[in-house]
>>> print(open('upload21.txt').read())   # compact mmCIF, C-alpha atoms and all ligand atoms
# COMPACT_ATOMS: atom_id res chain seq x y z
CA MET V 1 24.39 124.98 34.16
CA LYS V 2 23.73 121.79 36.14
CA ASN V 3 21.97 118.98 34.31
CA LYS V 4 18.30 119.06 35.19
CA ILE V 5 16.28 115.85 35.55
CA LYS V 6 13.24 116.01 33.28
CA LEU V 7 10.07 116.65 35.27
CA THR V 8 8.28 113.67 33.75
CA ASP V 9 11.17 111.44 34.89
CA VAL V 10 10.90 112.84 38.43
CA LEU V 11 7.19 112.05 38.47
CA LYS V 12 7.75 108.59 36.97
CA SER V 13 10.31 107.80 39.61
CA GLN V 14 7.87 108.88 42.39
CA LEU V 15 5.25 106.60 40.86
CA GLU V 16 7.77 103.74 40.80
CA ASN V 17 8.35 104.35 44.53
CA ARG V 18 4.65 103.90 45.15
CA LYS V 19 4.67 100.66 43.14
CA THR V 20 7.67 99.34 45.10
CA ASN V 21 5.99 100.17 48.42
CA GLY V 22 2.77 98.47 47.34
CA GLY V 23 0.79 101.73 47.66
CA TYR V 24 0.22 102.60 43.97
CA ARG V 25 -3.25 104.03 43.40
CA LYS V 26 -5.40 103.54 40.33
CA LEU V 27 -8.85 104.84 39.52
CA LYS V 28 -11.28 101.98 39.33
CA LEU V 29 -14.93 102.08 38.31
CA SER V 30 -17.33 100.20 40.53
CA GLN V 31 -17.74 96.90 38.74
CA GLU V 32 -21.30 96.36 37.54
CA GLY V 33 -23.13 93.77 39.57
CA LEU V 34 -20.95 93.88 42.70
CA ILE V 35 -22.80 94.43 45.97
CA ASP V 36 -21.89 97.77 47.53
CA PHE V 37 -19.93 97.30 50.77
CA SER V 38 -17.64 100.19 50.02
CA SER V 39 -19.46 103.50 49.55
CA ASN V 40 -20.17 106.07 52.26
CA ASP V 41 -23.81 106.10 51.15
CA TYR V 42 -24.68 104.52 54.50
CA LEU V 43 -28.41 105.22 54.30
CA GLY V 44 -28.82 104.80 50.55
CA LEU V 45 -29.90 108.43 50.09
CA THR V 46 -28.01 108.83 46.79
CA LYS V 47 -30.71 106.71 45.17
CA VAL V 48 -33.88 108.20 46.63
CA GLU V 49 -35.75 109.77 43.74
CA GLU V 50 -37.72 112.35 45.71
CA ILE V 51 -34.47 113.81 47.10
CA HIS V 52 -32.87 114.32 43.72
CA SER V 53 -35.74 114.82 41.29
CA ASN V 54 -36.69 118.44 42.04
CA SER V 55 -33.12 119.72 42.23
CA THR V 56 -32.81 121.54 38.91
CA CYS V 57 -33.86 125.08 38.26
CA PHE V 58 -33.45 126.24 34.70
CA VAL V 59 -33.54 129.90 35.55
CA ASP V 60 -30.62 130.09 37.89
CA ASN V 61 -28.60 126.92 38.04
CA GLY V 62 -24.89 127.69 38.38
CA ALA V 63 -24.28 130.16 41.22
CA SER V 64 -22.25 132.37 38.81
CA GLY V 65 -19.72 133.68 41.32
CA SER V 66 -18.34 133.71 44.81
CA ARG V 67 -20.85 134.20 47.62
CA LEU V 68 -19.28 137.63 48.14
CA LEU V 69 -19.95 138.65 44.53
CA SER V 70 -22.80 137.48 42.31
CA GLY V 71 -23.04 133.98 43.83
CA ASN V 72 -25.02 134.67 46.98
CA LYS V 73 -28.59 133.46 46.39
CA LYS V 74 -31.72 133.17 48.44
CA TYR V 75 -31.38 129.37 48.39
CA HIS V 76 -27.97 129.58 50.10
CA GLU V 77 -29.26 131.83 52.84
CA GLU V 78 -32.47 129.86 53.39
CA THR V 79 -30.60 126.56 53.53
CA GLU V 80 -28.09 127.98 56.00
CA LYS V 81 -30.98 128.98 58.30
CA PHE V 82 -32.39 125.46 57.89
CA LEU V 83 -28.97 123.92 58.68
CA ALA V 84 -28.43 126.09 61.76
CA ASN V 85 -31.79 124.94 63.02
CA TYR V 86 -31.18 121.28 62.08
CA PHE V 87 -27.84 121.19 63.88
CA LEU V 88 -29.06 123.18 66.91
CA SER V 89 -26.88 126.21 66.43
CA ASP V 90 -26.92 129.97 65.90
CA SER V 91 -25.55 129.86 62.39
CA ALA V 92 -24.26 127.75 59.55
CA LEU V 93 -22.08 128.54 56.55
CA LEU V 94 -22.01 126.37 53.43
CA PHE V 95 -18.72 125.22 51.90
CA ASN V 96 -18.21 123.38 48.63
CA SER V 97 -16.94 120.22 50.30
CA GLY V 98 -15.92 118.83 53.65
CA TYR V 99 -12.30 119.12 52.58
CA MET V 100 -12.74 122.85 51.97
CA ALA V 101 -14.74 123.40 55.16
CA ASN V 102 -12.01 121.89 57.32
CA LEU V 103 -9.33 123.78 55.46
CA GLY V 104 -11.41 126.95 55.74
CA VAL V 105 -11.81 126.80 59.52
CA LEU V 106 -8.43 125.42 60.48
CA SER V 107 -6.31 127.60 58.25
CA SER V 108 -7.99 130.82 59.36
CA VAL V 109 -9.27 130.55 62.94
CA PRO V 110 -6.12 129.59 64.92
CA GLN V 111 -3.81 132.60 65.09
CA LYS V 112 -0.02 132.76 65.13
CA ALA V 113 0.38 132.59 68.90
CA ASP V 114 -2.14 129.76 69.29
CA THR V 115 -1.64 126.00 69.58
CA VAL V 116 -3.66 123.27 67.93
CA LEU V 117 -3.71 119.71 69.28
CA MET V 118 -5.18 117.23 66.83
CA ASP V 119 -5.80 113.51 67.02
CA GLU V 120 -3.08 111.67 65.11
CA LEU V 121 -5.71 109.86 62.99
CA SER V 122 -7.32 113.09 61.83
CA HIS V 123 -8.28 113.27 58.17
CA VAL V 124 -5.71 114.81 55.86
CA CYS V 125 -7.85 117.96 55.35
CA ILE V 126 -7.62 118.67 59.08
CA LYS V 127 -3.85 118.24 59.06
CA GLU V 128 -3.50 120.30 55.90
CA GLY V 129 -5.74 123.05 57.26
CA VAL V 130 -3.74 123.33 60.48
CA ARG V 131 -0.48 123.42 58.52
CA LEU V 132 -1.84 126.33 56.49
CA SER V 133 -2.54 128.33 59.66
CA ARG V 134 0.39 130.02 61.32
CA ALA V 135 -0.36 128.39 64.68
CA ASN V 136 1.80 125.83 66.51
CA TYR V 137 0.46 122.34 66.22
CA PHE V 138 0.98 118.85 67.66
CA ASN V 139 -0.67 115.47 67.26
CA PHE V 140 -1.90 113.59 70.29
CA LYS V 141 -2.18 109.81 70.32
CA HIS V 142 -5.42 108.50 68.92
CA ASN V 143 -8.26 108.93 71.46
CA ASP V 144 -5.65 109.07 74.25
CA LEU V 145 -6.89 111.47 76.93
CA HIS V 146 -3.69 111.22 78.99
CA ASP V 147 -1.56 112.24 76.05
CA LEU V 148 -3.97 115.07 75.25
CA GLU V 149 -3.88 116.29 78.86
CA LYS V 150 -0.08 116.12 78.95
CA LYS V 151 0.11 118.22 75.80
CA LEU V 152 -2.48 120.72 77.04
CA LYS V 153 -0.40 121.21 80.21
CA ASN V 154 2.64 122.12 78.13
CA ILE V 155 0.96 125.02 76.35
CA GLU V 156 2.07 128.25 77.96
CA SER V 157 0.24 130.96 76.08
CA GLY V 158 -2.22 131.76 73.32
CA ASN V 159 -5.55 130.12 72.59
CA LYS V 160 -5.63 126.33 72.60
CA PHE V 161 -7.61 124.19 70.18
CA ILE V 162 -8.46 120.50 70.35
CA VAL V 163 -9.42 119.08 66.95
CA VAL V 164 -11.06 115.68 66.54
CA GLU V 165 -13.40 113.72 64.32
CA SER V 166 -16.54 112.58 66.11
CA VAL V 167 -16.21 109.25 64.27
CA TYR V 168 -12.90 108.31 62.64
CA SER V 169 -13.27 107.72 58.94
CA MET V 170 -10.98 104.71 58.59
CA ASP V 171 -11.50 103.05 61.99
CA GLY V 172 -15.18 103.77 62.69
CA ASP V 173 -14.52 104.48 66.37
CA GLU V 174 -15.83 107.52 68.23
CA ALA V 175 -13.88 110.28 69.93
CA PRO V 176 -14.47 110.40 73.72
CA LEU V 177 -16.27 113.73 73.34
CA ARG V 178 -17.58 114.10 76.90
CA GLU V 179 -14.09 113.64 78.35
CA ILE V 180 -12.60 115.96 75.74
CA VAL V 181 -15.13 118.64 76.71
CA ALA V 182 -14.13 118.18 80.37
CA LEU V 183 -10.44 118.60 79.52
CA ALA V 184 -11.19 121.62 77.35
CA ASN V 185 -13.03 123.20 80.29
CA GLU V 186 -10.15 122.51 82.63
CA PHE V 187 -7.54 123.94 80.29
CA ASP V 188 -9.67 126.66 78.73
CA ALA V 189 -9.36 125.20 75.24
CA GLU V 190 -11.71 125.43 72.26
CA ILE V 191 -12.94 122.30 70.47
CA ILE V 192 -13.42 121.79 66.74
CA VAL V 193 -15.20 118.60 65.64
CA ASP V 194 -15.35 117.16 62.15
CA GLU V 195 -18.70 115.34 62.05
CA ALA V 196 -18.19 113.90 58.53
CA HIS V 197 -18.99 110.31 59.48
CA SER V 198 -21.65 111.05 62.07
CA THR V 199 -23.74 113.47 59.99
CA GLY V 200 -27.07 111.77 59.31
CA LEU V 201 -26.20 108.82 61.55
CA TYR V 202 -26.62 109.92 65.16
CA GLY V 203 -29.82 111.02 66.86
CA GLU V 204 -33.46 110.74 65.80
CA THR V 205 -32.92 113.29 63.03
CA GLY V 206 -29.32 112.49 62.16
CA PHE V 207 -27.91 115.67 63.69
CA GLY V 208 -24.61 114.03 64.56
CA LEU V 209 -22.77 112.90 67.67
CA CYS V 210 -22.16 116.29 69.35
CA CYS V 211 -25.90 117.05 69.37
CA ASP V 212 -26.77 113.48 70.31
CA LEU V 213 -24.61 113.85 73.42
CA GLY V 214 -26.04 117.31 74.11
CA LEU V 215 -22.58 118.86 73.76
CA GLN V 216 -23.33 121.20 70.85
CA ASP V 217 -22.95 124.39 72.93
CA LYS V 218 -19.53 123.29 74.20
CA ILE V 219 -18.03 122.98 70.73
CA PHE V 220 -16.54 126.04 69.05
CA ALA V 221 -17.02 124.77 65.49
CA ARG V 222 -18.67 121.69 64.02
CA ILE V 223 -18.10 120.60 60.43
CA TYR V 224 -20.91 118.60 58.81
CA THR V 225 -20.32 117.03 55.42
CA PHE V 226 -23.07 116.04 53.02
CA GLY V 227 -21.25 113.65 50.68
CA LYS V 228 -21.52 110.62 52.96
CA ALA V 229 -24.69 109.52 54.81
CA VAL V 230 -26.60 112.51 53.40
CA GLY V 231 -25.96 111.25 49.86
CA ALA V 232 -25.31 114.73 48.47
CA HIS V 233 -22.22 116.97 48.28
CA GLY V 234 -20.86 120.00 50.12
CA ALA V 235 -20.50 120.83 53.80
CA ALA V 236 -21.41 123.35 56.47
CA VAL V 237 -19.50 124.90 59.34
CA VAL V 238 -21.83 125.36 62.27
CA GLY V 239 -21.18 127.59 65.27
CA SER V 240 -21.65 131.14 66.50
CA LYS V 241 -22.60 134.15 64.39
CA VAL V 242 -19.13 135.59 65.07
CA LEU V 243 -17.53 132.45 63.66
CA LYS V 244 -19.68 132.70 60.54
CA ASP V 245 -18.85 136.39 60.01
CA TYR V 246 -15.17 135.67 60.58
CA LEU V 247 -15.12 132.88 57.98
CA ILE V 248 -16.93 135.08 55.46
CA ASN V 249 -14.13 137.61 55.93
CA TYR V 250 -11.05 135.43 56.37
CA SER V 251 -11.57 131.95 54.97
CA ARG V 252 -9.98 131.88 51.53
CA GLN V 253 -11.67 128.54 50.79
CA PHE V 254 -15.03 130.27 51.25
CA ILE V 255 -14.22 133.57 49.57
CA TYR V 256 -12.30 132.68 46.43
CA THR V 257 -14.48 130.00 44.89
CA THR V 258 -17.75 129.76 43.01
CA ALA V 259 -20.62 129.08 45.39
CA LEU V 260 -22.49 125.77 45.36
CA PRO V 261 -25.12 125.67 42.60
CA PHE V 262 -28.85 125.45 43.22
CA HIS V 263 -29.13 121.70 42.67
CA SER V 264 -26.42 120.86 45.23
CA VAL V 265 -27.98 123.07 47.88
CA GLN V 266 -31.48 121.80 47.13
CA VAL V 267 -30.33 118.18 47.44
CA ILE V 268 -28.73 118.88 50.85
CA HIS V 269 -32.00 120.42 52.01
CA ASN V 270 -34.15 117.63 50.57
CA ALA V 271 -31.92 114.86 51.89
CA LEU V 272 -31.83 116.13 55.47
CA SER V 273 -35.59 116.66 55.47
CA TYR V 274 -36.04 113.14 54.12
CA ARG V 275 -33.68 111.76 56.74
CA LYS V 276 -35.67 113.47 59.49
CA ARG V 277 -38.91 111.92 58.24
CA ASN V 278 -37.37 108.43 57.96
CA PRO V 279 -35.70 107.47 61.26
CA HIS V 280 -36.30 103.78 60.42
CA LEU V 281 -33.33 103.98 58.00
CA LEU V 282 -30.97 104.33 60.93
CA GLU V 283 -32.64 101.43 62.76
CA LYS V 284 -32.15 99.21 59.70
CA LEU V 285 -28.52 100.32 59.37
CA ASN V 286 -27.80 99.61 63.05
CA ALA V 287 -29.44 96.18 62.75
CA ASN V 288 -27.20 95.43 59.75
CA VAL V 289 -24.08 96.48 61.69
CA SER V 290 -25.07 94.18 64.58
CA LEU V 291 -25.75 91.27 62.22
CA TYR V 292 -22.36 91.70 60.54
CA LYS V 293 -20.55 91.73 63.89
CA GLU V 294 -22.46 88.70 65.11
CA LEU V 295 -21.66 86.61 62.04
CA LEU V 296 -17.89 87.17 61.88
CA THR V 297 -15.79 84.54 63.60
CA ASP V 298 -13.63 85.59 66.55
CA HIS V 299 -10.10 85.28 65.28
CA ILE V 300 -10.41 87.94 62.55
CA ASN V 301 -8.42 91.10 63.22
CA ILE V 302 -11.27 93.61 63.19
CA LEU V 303 -11.26 97.19 64.41
CA GLU V 304 -13.73 97.64 67.25
CA SER V 305 -16.58 99.81 65.95
CA ASN V 306 -20.35 100.13 66.21
CA HIS V 307 -20.43 102.35 63.15
CA PRO V 308 -21.13 101.17 59.58
CA VAL V 309 -17.39 101.57 58.92
CA GLN V 310 -15.89 98.20 59.82
CA GLY V 311 -12.20 97.64 59.26
CA ILE V 312 -10.34 94.35 58.92
CA ILE V 313 -6.60 94.75 59.39
CA LEU V 314 -4.29 92.77 57.12
CA GLU V 315 -0.57 92.23 57.50
CA ASN V 316 0.48 94.50 54.66
CA ALA V 317 -0.64 96.26 51.48
CA ASP V 318 -0.29 93.14 49.29
CA GLN V 319 -2.55 91.14 51.60
CA ALA V 320 -5.13 93.92 51.73
CA ILE V 321 -5.15 93.99 47.92
CA GLU V 322 -5.35 90.20 47.73
CA PHE V 323 -8.21 89.96 50.21
CA SER V 324 -10.25 92.70 48.54
CA GLY V 325 -9.62 90.96 45.16
CA TYR V 326 -10.95 87.71 46.64
CA MET V 327 -14.07 89.50 47.87
CA ASN V 328 -14.54 91.18 44.45
CA GLU V 329 -14.38 87.77 42.76
CA ASN V 330 -17.11 86.62 45.12
CA GLY V 331 -19.38 89.51 44.14
CA PHE V 332 -18.66 92.23 46.71
CA ASP V 333 -17.42 95.76 46.09
CA ILE V 334 -14.83 96.10 48.83
CA ARG V 335 -11.69 98.23 48.59
CA PRO V 336 -8.27 98.02 50.20
CA ILE V 337 -7.06 101.05 52.16
CA LEU V 338 -3.33 101.46 51.96
CA SER V 339 -0.61 103.64 53.46
CA PRO V 340 -0.33 106.67 53.47
CA THR V 341 -4.13 106.90 53.90
CA VAL V 342 -3.67 104.67 56.97
CA PRO V 343 -0.42 104.12 58.90
CA LYS V 344 2.03 101.57 57.46
CA GLY V 345 1.38 98.16 59.02
CA LYS V 346 -2.32 99.04 59.44
CA GLU V 347 -3.34 98.38 55.85
CA ARG V 348 -6.88 97.10 55.77
CA VAL V 349 -10.11 96.64 53.96
CA ARG V 350 -12.78 99.12 54.95
CA ILE V 351 -16.16 97.45 54.85
CA CYS V 352 -19.08 99.88 54.81
CA LEU V 353 -22.48 98.58 55.74
CA HIS V 354 -25.66 100.22 54.49
CA ALA V 355 -29.32 100.37 55.39
CA PHE V 356 -30.09 98.88 51.96
CA ASN V 357 -27.92 95.76 52.35
CA SER V 358 -30.17 92.72 52.78
CA GLU V 359 -29.70 90.09 55.48
CA GLU V 360 -28.81 87.60 52.78
CA GLU V 361 -26.09 89.89 51.39
CA ILE V 362 -24.56 90.36 54.83
CA THR V 363 -24.73 86.65 55.61
CA THR V 364 -22.99 85.75 52.35
CA LEU V 365 -20.43 88.51 52.87
CA CYS V 366 -19.54 87.18 56.33
CA HIS V 367 -19.44 83.61 55.05
CA HIS V 368 -16.76 84.58 52.51
CA ILE V 369 -14.79 86.64 55.02
CA ASN V 370 -14.82 83.78 57.53
CA GLN V 371 -13.78 81.34 54.84
CA TYR V 372 -10.83 83.53 53.75
CA PHE V 373 -9.45 83.79 57.28
CA GLN V 374 -10.08 80.15 58.21
C1 LIG V 401 -13.27 112.79 58.35
C2 LIG V 401 -13.43 113.45 57.02
N1 LIG V 401 -13.45 114.78 56.95
C3 LIG V 401 -13.59 115.42 55.77
C4 LIG V 401 -13.72 114.73 54.60
C5 LIG V 401 -13.86 115.47 53.31
O1 LIG V 401 -15.21 115.62 53.01
P1 LIG V 401 -15.67 115.80 51.50
O2 LIG V 401 -15.65 114.46 50.88
O3 LIG V 401 -17.02 116.42 51.60
O4 LIG V 401 -14.67 116.72 50.87
C6 LIG V 401 -13.73 113.34 54.61
C7 LIG V 401 -13.87 112.58 53.36
O5 LIG V 401 -13.23 111.64 53.08
C8 LIG V 401 -13.58 112.68 55.87
O6 LIG V 401 -13.57 111.34 55.92
>>> encode(input="upload21.txt", output="structure tokens")
Amino acid sequence: MKNKIKLTDVLKSQLENRKTNGGYRKLKLSQEGLIDFSSNDYLGLTKVEEIHSNSTCFVDNGASGSRLLSGNKKYHEETEKFLANYFLSDSALLFNSGYMANLGVLSSVPQKADTVLMDELSHVCIKEGVRLSRANYFNFKHNDLHDLEKKLKNIESGNKFIVVESVYSMDGDEAPLREIVALANEFDAEIIVDEAHSTGLYGETGFGLCCDLGLQDKIFARIYTFGKAVGAHGAAVVGSKVLKDYLINYSRQFIYTTALPFHSVQVIHNALSYRKRNPHLLEKLNANVSLYKELLTDHINILESNHPVQGIILENADQAIEFSGYMNENGFDIRPILSPTVPKGKERVRICLHAFNSEEEITTLCHHINQYFQ
């Protein structure tokens, strides 16, 4: 029998590879006292007492089973009606996270003879979901309509899908949704949009970019996640009644898991209602984004974005780590984003602005950034 390398040694050697490449990951608690410029809690909803305080029910807390068995409760069905209404659609289906929602749609909806074209900067759960389907798939260059068109032209048969994020999680830029809808019309393709970083942030009520542009009826499936600007957890797939019925029957990520418990669903409901009643939060957030952009000096290698996600590109992983360390020492919670989360050579810090950041905090933040890059 051939000598076998011990599993632990294989894993250790993979970890060493990460250390050599500068991409080793460690769990790190948010340091007490640092100012939050890192979380996706863009509107500060994780800390609003009225959203979270009435979210426990001592009669029926855990859902106790899959939605298809004992886990389907009135609060799921009522919240799904509320979500369909909120996101201007016929139906909504809750998933336990955005990761699972993307996996659920993309692994089950495209069929074997179909082709999926996805933006190369799509989140890993989109890529993973498409890989799990039996469809053909290709990346197109980030936000590049010519490349997308060229690839659409090459598809000879089967249904075609275009998959994008409305706002890209690491770059903060938007997909050109109107143009994508026009191409989809021309080539008879279906569109799936992950609205993770636009949920809560676009439109008077926070119903996301597709609705804000009035494109909701042109999109086959929209995925809204509640762990970011909504300050909660979980996700919903929004689309037609047929899509919902199909996912209930074919999405393994929906079927074979315990349903979201009462408190999670209640917090989603409370948070979106709160968001709707408080449009000023978005105004404050947008003002903070503008202030940040105004105060940074010109020569810094920023990613162009009007979203609270603001990236600064560094030369490599070590520099991204060094810069975020410098910002931590100066009192700011800022994290480096390394390959493979972002492409090699595009290592960065991802600065997230919030509605709750004060003018003084942003001014001091920009002062230190400017000083570092002087
Ligand atoms: C674009 C995008 N889609 C999906 C997800 C996953 O959502 P969740 O955190 O709810 O699993 C994320 C989270 O990082 C994301 O950035």
>>> residues_near_ligand(input="upload21.txt", ligand="ligand LIG 401 (chain V)", cutoff="6 Å", atoms="only C-alpha atoms and all ligand atoms", output="list in words")
Ser97, Gly98, Tyr99, His123, Ser169, Ala196, Thr225, Gly227 and Gly234 of chain V
>>> atom_distance(input="upload21.txt", atom1="atom CA of Asn357 of chain V", atom2="atom CA of Asn328 of chain V")
16.2 Å
>>> closest_residue(input="upload21.txt", among="V:Ser122, V:Ser264, V:Ser39, V:Asn72", to="Thr56 of chain V", atoms="all atoms listed in the file")
V:Ser264
>>> residues_near_point(input="upload21.txt", point="(-7.6, 124.3, 72.8)", cutoff="10 Å", atoms="all atoms listed in the file", output="PyMOL selection string")
chain V and resi 110+114-118+152+155+158-163+183-185+187-192+220
>>> atom_distance(input="upload21.txt", atom1="atom CA of Lys127 of chain V", atom2="atom CA of Lys244 of chain V")
21.5 Å
>>> residues_around(input="upload21.txt", residues="Gly104 of chain V", least_positions_apart="6", cutoff="7 Å", atoms="all atoms listed in the file", output="list of chain:residue names")
V:Ser251, V:Arg252, V:Gln253, V:Phe254
>>> atom_distance(input="upload21.txt", atom1="atom CA of Ile362 of chain V", atom2="atom CA of Glu204 of chain V")
24.8 Å
>>> closest_residue(input="upload21.txt", among="V:Asp173, V:Asp217, V:Glu78, V:Asp318", to="His142 of chain V", atoms="all atoms listed in the file")
V:Asp173
>>> decode(input="upload21.txt", residues="segment 152-166 of chain V", atoms="N, CA and C atoms", output="compact mmCIF listing (two decimals), in the first residue's frame")
# COMPACT_ATOMS: atom_id res chain seq x y z
N LEU V 152 -23.61 36.30 -25.44
CA LEU V 152 -25.01 35.96 -25.70
C LEU V 152 -25.17 35.47 -27.14
N LYS V 153 -24.43 36.13 -28.05
CA LYS V 153 -24.52 35.76 -29.48
C LYS V 153 -24.08 34.33 -29.73
N ASN V 154 -23.14 33.88 -28.89
CA ASN V 154 -22.56 32.54 -29.10
C ASN V 154 -23.44 31.40 -28.59
N ILE V 155 -24.51 31.74 -27.88
CA ILE V 155 -25.34 30.66 -27.32
C ILE V 155 -26.32 30.18 -28.40
N GLU V 156 -26.27 28.89 -28.67
CA GLU V 156 -27.08 28.40 -29.79
C GLU V 156 -28.45 27.89 -29.38
N SER V 157 -28.51 27.28 -28.19
CA SER V 157 -29.81 26.71 -27.82
C SER V 157 -30.01 26.75 -26.31
N GLY V 158 -31.19 26.41 -25.89
CA GLY V 158 -31.51 26.38 -24.46
C GLY V 158 -31.87 27.76 -23.93
N ASN V 159 -32.33 27.81 -22.71
CA ASN V 159 -32.61 29.12 -22.09
C ASN V 159 -31.30 29.78 -21.69
N LYS V 160 -31.33 31.12 -21.75
CA LYS V 160 -30.11 31.88 -21.40
C LYS V 160 -30.41 32.67 -20.13
N PHE V 161 -29.42 32.73 -19.26
CA PHE V 161 -29.56 33.51 -18.03
C PHE V 161 -28.40 34.50 -17.92
N ILE V 162 -28.74 35.71 -17.50
CA ILE V 162 -27.70 36.71 -17.16
C ILE V 162 -27.80 36.91 -15.65
N VAL V 163 -26.67 36.72 -14.95
CA VAL V 163 -26.71 36.85 -13.49
C VAL V 163 -25.76 37.96 -13.04
N VAL V 164 -26.30 38.90 -12.29
CA VAL V 164 -25.48 40.04 -11.82
C VAL V 164 -25.85 40.39 -10.38
N GLU V 165 -24.99 41.18 -9.77
CA GLU V 165 -25.35 41.83 -8.50
C GLU V 165 -25.78 43.25 -8.85
N SER V 166 -26.79 43.78 -8.19
CA SER V 166 -27.17 45.15 -8.54
C SER V 166 -26.08 46.11 -8.08
